[in-house]
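Accompanying notes for the structure given below.
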Amino acid sequence: MCLFRENQERRPGRCSLSQWLPIVMVLMLLGWSYHIFVFQVCIRKVDNIVWMVLLLLGYHFILFMVLWTWWKCICTAPLKIPDTWQIPVQDVERLKRNNGPEDEARILDNAARSLPINMCSKEGSVRYCRYCWIIKPDRAYHCRTCKVCVRKRDHHCPWVKNCVHFHNFKYFMLFLFYAALYCLFLFAAMLYDFYLICQFRLEKLQPEHMWALAQHVAIIIVNLFVLVMFAVSLTHMARNRTTVESVHAPHFFIAGKNMNGFNLGFCTNFREVLGDKWYLWLIPIHTSRGDGLTYPLALERLKTGRAWAGRSLDGPTRAQVIKTNMAGLLGICTVNDMDCGSD
């Protein structure tokens, strides 16, 4: 599913040169590497026609997958959060008047009383956006570049000129995967070229080889950059965390601050992003679980996190106390209230 700028009206109207510069840099890098691999290595230096055909087929397949996944990252815009998460107009006006934290908490609890949220602010109140005036779903954050609240926002990536979010997170991981393969493929070709130049003996290098050597060094730098990005993103994916959550641990109503609230285990974490059909994992088709609004919690890890923090597993957290007090003021029965009247 390619959500081609479905939310275009909420994205910035002006496109500065700086926003497009990373895209142009990637295209120039691909063009430069294409010339090196196809013309300088395969056509000029590979004598065996069978090996040449195999190398060119493998290279063009990986290049196609890089371009396909990259394009999907670019064109898949954040979906608008449903209107059910919108704060009513009268409540927005009350929030703008800023009558204190108690009044704000009362308004937000009332607005979010029927919404499935588990995350809260560090003060223990309902999270909301002061720009979009919505109750934030779990893992959603406002992007000032996209001018919209983004589901499962990871970060705004200049290399794809878009947010990395719920609907394109799989595409972004596949883009990094194929980019890493592309760089390793190119690096292997550079090693072969280096062997043809000097048989790995530096004393055989001549002044006319300096340009080729500089290209080899540039390939190594690009390899390291891409591999580090892929390794970091893969680590986050294995722990079911976004970049935002890795830097700022989320807070939960039931357990307070905890970085492992969504960590369901290695295999389940991967399936959350890649989906349940293994034969579609390496294809840039949307197969991620869920709708980007609600996420399963790792309840045992949340309890463990509370125990490490020195809290009683049976006692309420500060967030729970605040939520219960606000619910009592409003006469709202929470899920954990056992004495709510049913008559």
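Numbering starts fresh at 1 for the residues of each chain in the structure tokens, the chains themselves are lettered A, B, ... in the order given, and ligands are numbered from 1 as they appear.
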Select from region 121-221 of chain A every residue with an atom at most 9 Å from any atom of region 45-65 of chain A, then for each give the shortest pair of atoms and their distance in Å to one decimal, using only C-alpha atoms, rows by chain and rising number, as CSV.
residue,atom,partner,partner_atom,distance
A:Leu174,CA,A:Met65,CA,8.6
A:Phe175,CA,A:Met65,CA,7.8
A:Tyr178,CA,A:Ile62,CA,6.5
A:Ala179,CA,A:Ile62,CA,8.1
A:Leu181,CA,A:Ile62,CA,7.3
A:Tyr182,CA,A:Ile62,CA,6.1
A:Phe185,CA,A:Tyr59,CA,7.4
A:Leu186,CA,A:Tyr59,CA,8.5
A:Asp193,CA,A:Lys45,CA,8.0
A:Leu196,CA,A:Lys45,CA,8.4
Any chance you can output those residues with C-alpha atoms as a compact mmCIF listing (two decimals), in the first residue's frame?
# COMPACT_ATOMS: atom_id res chain seq x y z
CA LEU A 174 14.47 -2.64 3.56
CA PHE A 175 16.05 0.44 2.02
CA TYR A 178 19.48 -3.27 0.24
CA ALA A 179 21.70 -0.19 0.49
CA LEU A 181 24.02 -5.06 0.24
CA TYR A 182 24.68 -2.58 -2.58
CA PHE A 185 28.67 -5.61 -3.50
CA LEU A 186 30.48 -2.48 -4.63
CA ASP A 193 39.93 -3.88 -8.83
CA LEU A 196 44.21 -6.18 -10.38
Per residue of region 49-117 of chain A within 12 Å of region 22-26 of chain A, note the shortest atom pair and the distance in Å to one decimal, counting only C-alpha atoms, and order the rows by chain and increasing residue number, as CSV.
residue,atom,partner,partner_atom,distance
A:Val66,CA,A:Val26,CA,11.0
A:Leu67,CA,A:Val26,CA,10.3
A:Trp70,CA,A:Ile23,CA,10.1
A:Trp71,CA,A:Ile23,CA,10.7
A:Cys73,CA,A:Ile23,CA,11.9
A:Ile74,CA,A:Ile23,CA,9.7
Would you mind exporting the chosen residues as a PDB file, in the first residue's frame, restricted to all heavy atoms?
ATOM      1  N   VAL A  66      17.115  -1.150  -4.241  1.00  0.00           N
ATOM      2  CA  VAL A  66      17.463   0.081  -3.523  1.00  0.00           C
ATOM      3  C   VAL A  66      16.557   1.221  -3.965  1.00  0.00           C
ATOM      4  O   VAL A  66      15.986   1.957  -3.145  1.00  0.00           O
ATOM      5  CB  VAL A  66      18.945   0.442  -3.751  1.00  0.00           C
ATOM      6  CG1 VAL A  66      19.236   1.862  -3.251  1.00  0.00           C
ATOM      7  CG2 VAL A  66      19.856  -0.546  -3.041  1.00  0.00           C
ATOM      8  N   LEU A  67      16.404   1.383  -5.283  1.00  0.00           N
ATOM      9  CA  LEU A  67      15.587   2.477  -5.807  1.00  0.00           C
ATOM     10  C   LEU A  67      14.109   2.284  -5.466  1.00  0.00           C
ATOM     11  O   LEU A  67      13.406   3.253  -5.135  1.00  0.00           O
ATOM     12  CB  LEU A  67      15.767   2.569  -7.324  1.00  0.00           C
ATOM     13  CG  LEU A  67      17.157   3.023  -7.796  1.00  0.00           C
ATOM     14  CD1 LEU A  67      17.252   2.925  -9.315  1.00  0.00           C
ATOM     15  CD2 LEU A  67      17.453   4.444  -7.334  1.00  0.00           C
ATOM     16  N   TRP A  70      13.639   2.912  -1.665  1.00  0.00           N
ATOM     17  CA  TRP A  70      13.873   4.341  -1.424  1.00  0.00           C
ATOM     18  C   TRP A  70      12.676   5.168  -1.869  1.00  0.00           C
ATOM     19  O   TRP A  70      12.216   6.065  -1.157  1.00  0.00           O
ATOM     20  CB  TRP A  70      15.149   4.764  -2.155  1.00  0.00           C
ATOM     21  CG  TRP A  70      15.605   6.165  -1.882  1.00  0.00           C
ATOM     22  CD1 TRP A  70      15.614   6.813  -0.684  1.00  0.00           C
ATOM     23  CD2 TRP A  70      16.128   7.097  -2.843  1.00  0.00           C
ATOM     24  NE1 TRP A  70      16.115   8.089  -0.832  1.00  0.00           N
ATOM     25  CE2 TRP A  70      16.444   8.286  -2.143  1.00  0.00           C
ATOM     26  CE3 TRP A  70      16.388   7.025  -4.205  1.00  0.00           C
ATOM     27  CZ2 TRP A  70      16.998   9.395  -2.772  1.00  0.00           C
ATOM     28  CZ3 TRP A  70      16.943   8.132  -4.843  1.00  0.00           C
ATOM     29  CH2 TRP A  70      17.233   9.313  -4.130  1.00  0.00           C
ATOM     30  N   TRP A  71      12.148   4.838  -3.043  1.00  0.00           N
ATOM     31  CA  TRP A  71      10.989   5.559  -3.549  1.00  0.00           C
ATOM     32  C   TRP A  71       9.770   5.360  -2.647  1.00  0.00           C
ATOM     33  O   TRP A  71       9.010   6.290  -2.393  1.00  0.00           O
ATOM     34  CB  TRP A  71      10.677   5.104  -4.972  1.00  0.00           C
ATOM     35  CG  TRP A  71       9.394   5.672  -5.523  1.00  0.00           C
ATOM     36  CD1 TRP A  71       8.242   5.009  -5.802  1.00  0.00           C
ATOM     37  CD2 TRP A  71       9.133   7.051  -5.834  1.00  0.00           C
ATOM     38  NE1 TRP A  71       7.284   5.872  -6.272  1.00  0.00           N
ATOM     39  CE2 TRP A  71       7.806   7.128  -6.301  1.00  0.00           C
ATOM     40  CE3 TRP A  71       9.893   8.211  -5.760  1.00  0.00           C
ATOM     41  CZ2 TRP A  71       7.221   8.323  -6.699  1.00  0.00           C
ATOM     42  CZ3 TRP A  71       9.304   9.409  -6.156  1.00  0.00           C
ATOM     43  CH2 TRP A  71       7.986   9.457  -6.611  1.00  0.00           C
ATOM     44  N   CYS A  73       9.839   4.837   0.535  1.00  0.00           N
ATOM     45  CA  CYS A  73      10.059   5.660   1.728  1.00  0.00           C
ATOM     46  C   CYS A  73       9.687   7.117   1.459  1.00  0.00           C
ATOM     47  O   CYS A  73       9.093   7.789   2.306  1.00  0.00           O
ATOM     48  CB  CYS A  73      11.532   5.596   2.154  1.00  0.00           C
ATOM     49  SG  CYS A  73      12.040   4.038   2.878  1.00  0.00           S
ATOM     50  N   ILE A  74      10.033   7.595   0.286  1.00  0.00           N
ATOM     51  CA  ILE A  74       9.794   9.001  -0.052  1.00  0.00           C
ATOM     52  C   ILE A  74       8.310   9.277  -0.259  1.00  0.00           C
ATOM     53  O   ILE A  74       7.767  10.275   0.230  1.00  0.00           O
ATOM     54  CB  ILE A  74      10.596   9.382  -1.318  1.00  0.00           C
ATOM     55  CG1 ILE A  74      12.093   9.335  -1.033  1.00  0.00           C
ATOM     56  CG2 ILE A  74      10.190  10.765  -1.818  1.00  0.00           C
ATOM     57  CD1 ILE A  74      12.967   9.519  -2.259  1.00  0.00           C
TER      58      ILE A  74
END
For the interface of region 231-293 of chain A with region 95-119 of chain A (cut-off 10 Å, counting only C-alpha atoms), please tabulate each contacting residue of region 231-293 of chain A alongside its nearest pair of atoms and their separation in Å to one decimal, rows sorted by chain and increasing number, as JSON lines.
{"residue": "A:Pro250", "atom": "CA", "partner": "A:Met119", "partner_atom": "CA", "distance": 6.9}
{"residue": "A:His251", "atom": "CA", "partner": "A:Met119", "partner_atom": "CA", "distance": 5.6}
{"residue": "A:Phe252", "atom": "CA", "partner": "A:Met119", "partner_atom": "CA", "distance": 4.3}
{"residue": "A:Phe253", "atom": "CA", "partner": "A:Asn118", "partner_atom": "CA", "distance": 5.9}
{"residue": "A:Ile254", "atom": "CA", "partner": "A:Asn118", "partner_atom": "CA", "distance": 7.5}
{"residue": "A:Ala255", "atom": "CA", "partner": "A:Met119", "partner_atom": "CA", "distance": 9.5}
{"residue": "A:Gly256", "atom": "CA", "partner": "A:Met119", "partner_atom": "CA", "distance": 8.8}
{"residue": "A:Lys257", "atom": "CA", "partner": "A:Met119", "partner_atom": "CA", "distance": 9.4}
{"residue": "A:Gly261", "atom": "CA", "partner": "A:Met119", "partner_atom": "CA", "distance": 9.5}
{"residue": "A:Leu293", "atom": "CA", "partner": "A:Pro116", "partner_atom": "CA", "distance": 8.3}
Hey, can you spit out that residue selection with N, CA, C and O atoms as a PDB file, in the first residue's frame?
ATOM      1  N   PRO A 250       9.580   6.199  26.959  1.00  0.00           N
ATOM      2  CA  PRO A 250       8.162   6.558  27.108  1.00  0.00           C
ATOM      3  C   PRO A 250       7.657   6.310  28.526  1.00  0.00           C
ATOM      4  O   PRO A 250       8.229   5.512  29.277  1.00  0.00           O
ATOM      5  N   HIS A 251       6.596   7.005  28.877  1.00  0.00           N
ATOM      6  CA  HIS A 251       5.944   6.839  30.174  1.00  0.00           C
ATOM      7  C   HIS A 251       4.597   6.158  29.967  1.00  0.00           C
ATOM      8  O   HIS A 251       3.893   6.439  28.995  1.00  0.00           O
ATOM      9  N   PHE A 252       4.245   5.269  30.906  1.00  0.00           N
ATOM     10  CA  PHE A 252       3.013   4.501  30.802  1.00  0.00           C
ATOM     11  C   PHE A 252       2.150   4.737  32.046  1.00  0.00           C
ATOM     12  O   PHE A 252       2.672   4.912  33.145  1.00  0.00           O
ATOM     13  N   PHE A 253       0.834   4.709  31.839  1.00  0.00           N
ATOM     14  CA  PHE A 253      -0.078   4.853  32.967  1.00  0.00           C
ATOM     15  C   PHE A 253       0.111   3.718  33.979  1.00  0.00           C
ATOM     16  O   PHE A 253       0.019   3.932  35.180  1.00  0.00           O
ATOM     17  N   ILE A 254       0.392   2.510  33.501  1.00  0.00           N
ATOM     18  CA  ILE A 254       0.437   1.356  34.396  1.00  0.00           C
ATOM     19  C   ILE A 254       1.823   1.095  34.979  1.00  0.00           C
ATOM     20  O   ILE A 254       1.957   0.267  35.871  1.00  0.00           O
ATOM     21  N   ALA A 255       2.862   1.777  34.471  1.00  0.00           N
ATOM     22  CA  ALA A 255       4.206   1.423  34.940  1.00  0.00           C
ATOM     23  C   ALA A 255       5.188   2.577  34.983  1.00  0.00           C
ATOM     24  O   ALA A 255       6.354   2.354  35.292  1.00  0.00           O
ATOM     25  N   GLY A 256       4.754   3.780  34.663  1.00  0.00           N
ATOM     26  CA  GLY A 256       5.691   4.887  34.675  1.00  0.00           C
ATOM     27  C   GLY A 256       6.673   4.821  33.514  1.00  0.00           C
ATOM     28  O   GLY A 256       6.380   4.271  32.451  1.00  0.00           O
ATOM     29  N   LYS A 257       7.861   5.325  33.729  1.00  0.00           N
ATOM     30  CA  LYS A 257       8.888   5.402  32.687  1.00  0.00           C
ATOM     31  C   LYS A 257       9.494   4.026  32.434  1.00  0.00           C
ATOM     32  O   LYS A 257       9.951   3.368  33.361  1.00  0.00           O
ATOM     33  N   GLY A 261       8.542  -1.124  27.210  1.00  0.00           N
ATOM     34  CA  GLY A 261       7.099  -1.316  27.271  1.00  0.00           C
ATOM     35  C   GLY A 261       6.511  -1.986  26.043  1.00  0.00           C
ATOM     36  O   GLY A 261       5.450  -2.609  26.124  1.00  0.00           O
ATOM     37  N   LEU A 293      -2.200   2.917  15.584  1.00  0.00           N
ATOM     38  CA  LEU A 293      -2.853   3.682  16.650  1.00  0.00           C
ATOM     39  C   LEU A 293      -2.729   2.985  18.005  1.00  0.00           C
ATOM     40  O   LEU A 293      -2.617   3.648  19.035  1.00  0.00           O
TER      41      LEU A 293
END
**Prompt:** Using only C-alpha atoms, which residues sit within 7 Å of region 204-219 of chain A once same-chain residues fewer than 4 positions away are excluded, as a PyMOL selection string?
**Reply:** chain A and resi 187+190+198+223
**Message:** Give me, as an MDAnalysis selection string, the residues of region 59-278 of chain A that a backbone DSSP run labels strand (DSSP E).
**Reply:** chainID A and resid 119:120 141:143 148:150 155:157 162:164 251:252 256:257
**Request:** Extract, using only C-alpha atoms, all DNA, RNA and protein residues at most 8 Å from Ala298 (chain A), discarding same-chain residues fewer than 2 positions from it, and format them as a PyMOL selection string.
**Result:** chain A and resi 260-264+296+300-302
Any chance you could export the current selection's N, CA, C and O atoms as a PDB file, in the first residue's frame?
ATOM      1  N   ASN A 260      11.142  -0.562  27.752  1.00  0.00           N
ATOM      2  CA  ASN A 260      10.825  -1.878  27.207  1.00  0.00           C
ATOM      3  C   ASN A 260       9.332  -2.163  27.182  1.00  0.00           C
ATOM      4  O   ASN A 260       8.923  -3.319  27.134  1.00  0.00           O
ATOM      5  N   GLY A 261       8.542  -1.124  27.210  1.00  0.00           N
ATOM      6  CA  GLY A 261       7.099  -1.316  27.271  1.00  0.00           C
ATOM      7  C   GLY A 261       6.511  -1.986  26.043  1.00  0.00           C
ATOM      8  O   GLY A 261       5.450  -2.609  26.124  1.00  0.00           O
ATOM      9  N   PHE A 262       7.182  -1.871  24.887  1.00  0.00           N
ATOM     10  CA  PHE A 262       6.677  -2.475  23.656  1.00  0.00           C
ATOM     11  C   PHE A 262       7.543  -3.638  23.193  1.00  0.00           C
ATOM     12  O   PHE A 262       7.321  -4.179  22.107  1.00  0.00           O
ATOM     13  N   ASN A 263       8.539  -4.015  23.987  1.00  0.00           N
ATOM     14  CA  ASN A 263       9.467  -5.074  23.614  1.00  0.00           C
ATOM     15  C   ASN A 263       8.826  -6.438  23.865  1.00  0.00           C
ATOM     16  O   ASN A 263       8.807  -6.943  24.981  1.00  0.00           O
ATOM     17  N   LEU A 264       8.310  -7.047  22.804  1.00  0.00           N
ATOM     18  CA  LEU A 264       7.564  -8.299  22.910  1.00  0.00           C
ATOM     19  C   LEU A 264       8.429  -9.535  22.697  1.00  0.00           C
ATOM     20  O   LEU A 264       7.912 -10.648  22.673  1.00  0.00           O
ATOM     21  N   PRO A 296       0.432  -3.689  21.151  1.00  0.00           N
ATOM     22  CA  PRO A 296       0.434  -4.595  22.306  1.00  0.00           C
ATOM     23  C   PRO A 296       1.549  -4.236  23.274  1.00  0.00           C
ATOM     24  O   PRO A 296       2.647  -3.834  22.864  1.00  0.00           O
ATOM     25  N   GLU A 300       4.877  -8.014  31.227  1.00  0.00           N
ATOM     26  CA  GLU A 300       5.863  -8.558  32.160  1.00  0.00           C
ATOM     27  C   GLU A 300       7.083  -7.658  32.249  1.00  0.00           C
ATOM     28  O   GLU A 300       7.648  -7.459  33.330  1.00  0.00           O
ATOM     29  N   ARG A 301       7.495  -7.106  31.109  1.00  0.00           N
ATOM     30  CA  ARG A 301       8.648  -6.196  31.122  1.00  0.00           C
ATOM     31  C   ARG A 301       8.303  -4.901  31.855  1.00  0.00           C
ATOM     32  O   ARG A 301       9.152  -4.298  32.503  1.00  0.00           O
ATOM     33  N   LEU A 302       7.060  -4.454  31.734  1.00  0.00           N
ATOM     34  CA  LEU A 302       6.639  -3.255  32.458  1.00  0.00           C
ATOM     35  C   LEU A 302       6.681  -3.501  33.958  1.00  0.00           C
ATOM     36  O   LEU A 302       7.131  -2.645  34.736  1.00  0.00           O
TER      37      LEU A 302
END
**Test item, helix (DSSP H, G or I) assignment across region 154-235 of chain A, answer as a ChimeraX atom specification** = /A:169-198,202-204,207-235
**Request:** Show which residues sit within 9 Å of Leu227 (chain A), as a list in words. Count only C-alpha atoms, and ignore same-chain residues fewer than 5 positions away.
**Result:** Leu176, Phe177, Ala179, Ala180, Cys183, Val222 and Val232 of chain A
Would you output that residue set with C-alpha atoms, as a compact mmCIF listing (two decimals), in the first residue's frame?
# COMPACT_ATOMS: atom_id res chain seq x y z
CA LEU A 176 18.90 0.26 4.53
CA PHE A 177 19.19 -3.51 4.02
CA ALA A 179 21.70 -0.19 0.49
CA ALA A 180 24.05 -2.18 2.75
CA CYS A 183 27.64 -1.08 -0.75
CA VAL A 222 30.10 5.14 2.38
CA VAL A 232 21.47 1.05 14.71
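We find CA of Val273 (chain A) and CA of His167 (chain A) to be spaced 9.5 Å apart.
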With only C-alpha atoms as the counted atoms, please give the residues lying no more than 7 Å from region 266-270 of chain A, apart from itself and same-chain residues fewer than 6 positions off, as an mmCIF file with C-alpha atoms, in the first residue's frame.
data_model
loop_
_atom_site.group_PDB
_atom_site.id
_atom_site.type_symbol
_atom_site.label_atom_id
_atom_site.label_comp_id
_atom_site.auth_asym_id
_atom_site.auth_seq_id
_atom_site.Cartn_x
_atom_site.Cartn_y
_atom_site.Cartn_z
ATOM 1 C CA MET A 237 13.741 -2.868 15.493
ATOM 2 C CA ALA A 238 14.877 -5.927 17.465
ATOM 3 C CA ARG A 239 13.870 -4.136 20.683
ATOM 4 C CA ASN A 240 10.676 -2.654 19.194
#
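With only C-alpha atoms as the atoms that count, the residue of A:Lys147, A:Lys170, A:Lys161, A:Lys136 with the shortest distance to Gln19 (chain A) is A:Lys161.
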